[in-house]
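In what follows, a single structure is set out as structure tokens and then discussed.
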Amino acid sequence: MMPLRELVDRYLFIAGSLGTPVALSSFALSHSETERLFASYEEDYHISRFLHFSQDAGTPFSINGFPATHVSIDAEVQSIL
């Protein structure tokens with residue numbers, strides 16, 4: 001599993017700033033890896049409160065049974081890094 005710090009760093013590289021929605025497919029992981037990674041972080045209360053999934057145009061993923069195409073990460077995630 002990708003450590004949270006690495007996930008946030010990769011997110012920032014793609015998004016440019018925290019809080020910006022980015023396509024889940026932008027993380028350059030396989031479909032199943034993307035679903036597993038984000039599902040595991042979504043299950044952790046201390047982390048999931050900083051992740052916001054949404055649906056827009058793009059490749060759909062199932063994150064713990066919920067459809068999502070994009071994720072945004074709150075700036076407050078830095079408090080747990």
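Chain identifiers are assigned as A, B, and so on, following the order in which chains appear in the structure tokens; residues are numbered from 1 within each chain, and ligands are numbered from 1 in order of appearance.
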Which residues are near region 57-68 of chain A? Cut-off 10 Å, only C-alpha atoms, ignore same chain within fewer than 4 positions. Put them as JSON, numbers by chain.
{"A": [23, 24, 25, 26, 31, 32, 34, 35, 36, 37, 38, 39, 40, 41, 42, 43, 52, 53]}
Can you list, as a count of residues only, all residues belonging to chain A that DSSP tags as helix (DSSP H, G or I)?
39
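With only C-alpha atoms as the basis for measurement, A:Phe27 is the residue among A:Ser54, A:Ala75, A:His46, A:Phe27 that approaches Leu7 (chain A) most closely.
Atom pair CA of Ile47 (chain A) / CA of Val77 (chain A) has a distance of 7.4 Å (rounded to one decimal).
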Kindly give the distance, in Å, that separates CA of Ala15 (chain A) and CA of Ser30 (chain A), rounded to a single decimal.
19.3 Å
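The coordinates place CA of Ile80 (chain A) at 15.4 Å from CA of Met2 (chain A).
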Mind listing the strand (DSSP E) residues of region 12-70 of chain A, per DSSP on the backbone, as a ChimeraX atom specification?
/A:22-23,51-54,61-63,66-68,70
Take the selection from the previous step and output its residues with C-alpha atoms, as an mmCIF file, in the first residue's frame.
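Generated file (selection-v6.cif):
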data_model
loop_
_atom_site.group_PDB
_atom_site.id
_atom_site.type_symbol
_atom_site.label_atom_id
_atom_site.label_comp_id
_atom_site.auth_asym_id
_atom_site.auth_seq_id
_atom_site.Cartn_x
_atom_site.Cartn_y
_atom_site.Cartn_z
ATOM 1 C CA VAL A 22 -8.378 15.286 -9.675
ATOM 2 C CA ALA A 23 -9.294 12.198 -11.666
ATOM 3 C CA LEU A 51 -10.780 12.753 1.265
ATOM 4 C CA HIS A 52 -13.763 13.817 -0.817
ATOM 5 C CA PHE A 53 -14.868 11.653 -3.723
ATOM 6 C CA SER A 54 -17.027 12.935 -6.548
ATOM 7 C CA PHE A 61 -14.094 3.526 -9.900
ATOM 8 C CA SER A 62 -15.860 1.820 -7.017
ATOM 9 C CA ILE A 63 -14.621 3.057 -3.649
ATOM 10 C CA PHE A 66 -19.670 3.951 -4.122
ATOM 11 C CA PRO A 67 -18.959 5.241 -7.635
ATOM 12 C CA ALA A 68 -16.286 7.924 -7.961
ATOM 13 C CA HIS A 70 -12.384 12.192 -8.770
#
Within 12 Å of Arg5 (chain A), counting only C-alpha atoms, which residues show up once you throw out same-chain ones fewer than 4 positions away? Write them as a PDB file with C-alpha atoms, in the first residue's frame, please.
ATOM      1  CA  MET A   1       0.000   0.000   0.000  1.00  0.00           C
ATOM      2  CA  ASP A   9       2.710  14.170  -2.689  1.00  0.00           C
ATOM      3  CA  ARG A  10       1.445  12.486  -5.846  1.00  0.00           C
ATOM      4  CA  TYR A  11      -1.896  14.271  -5.476  1.00  0.00           C
ATOM      5  CA  LEU A  12      -0.144  17.643  -5.129  1.00  0.00           C
ATOM      6  CA  ILE A  47      -7.805   9.843   7.022  1.00  0.00           C
ATOM      7  CA  VAL A  77      -4.478  16.378   5.913  1.00  0.00           C
ATOM      8  CA  GLN A  78      -1.105  17.931   6.671  1.00  0.00           C
ATOM      9  CA  SER A  79      -1.972  17.710  10.376  1.00  0.00           C
ATOM     10  CA  ILE A  80      -1.575  13.919  10.260  1.00  0.00           C
ATOM     11  CA  LEU A  81       1.419  13.624   7.947  1.00  0.00           C
TER      12      LEU A  81
END
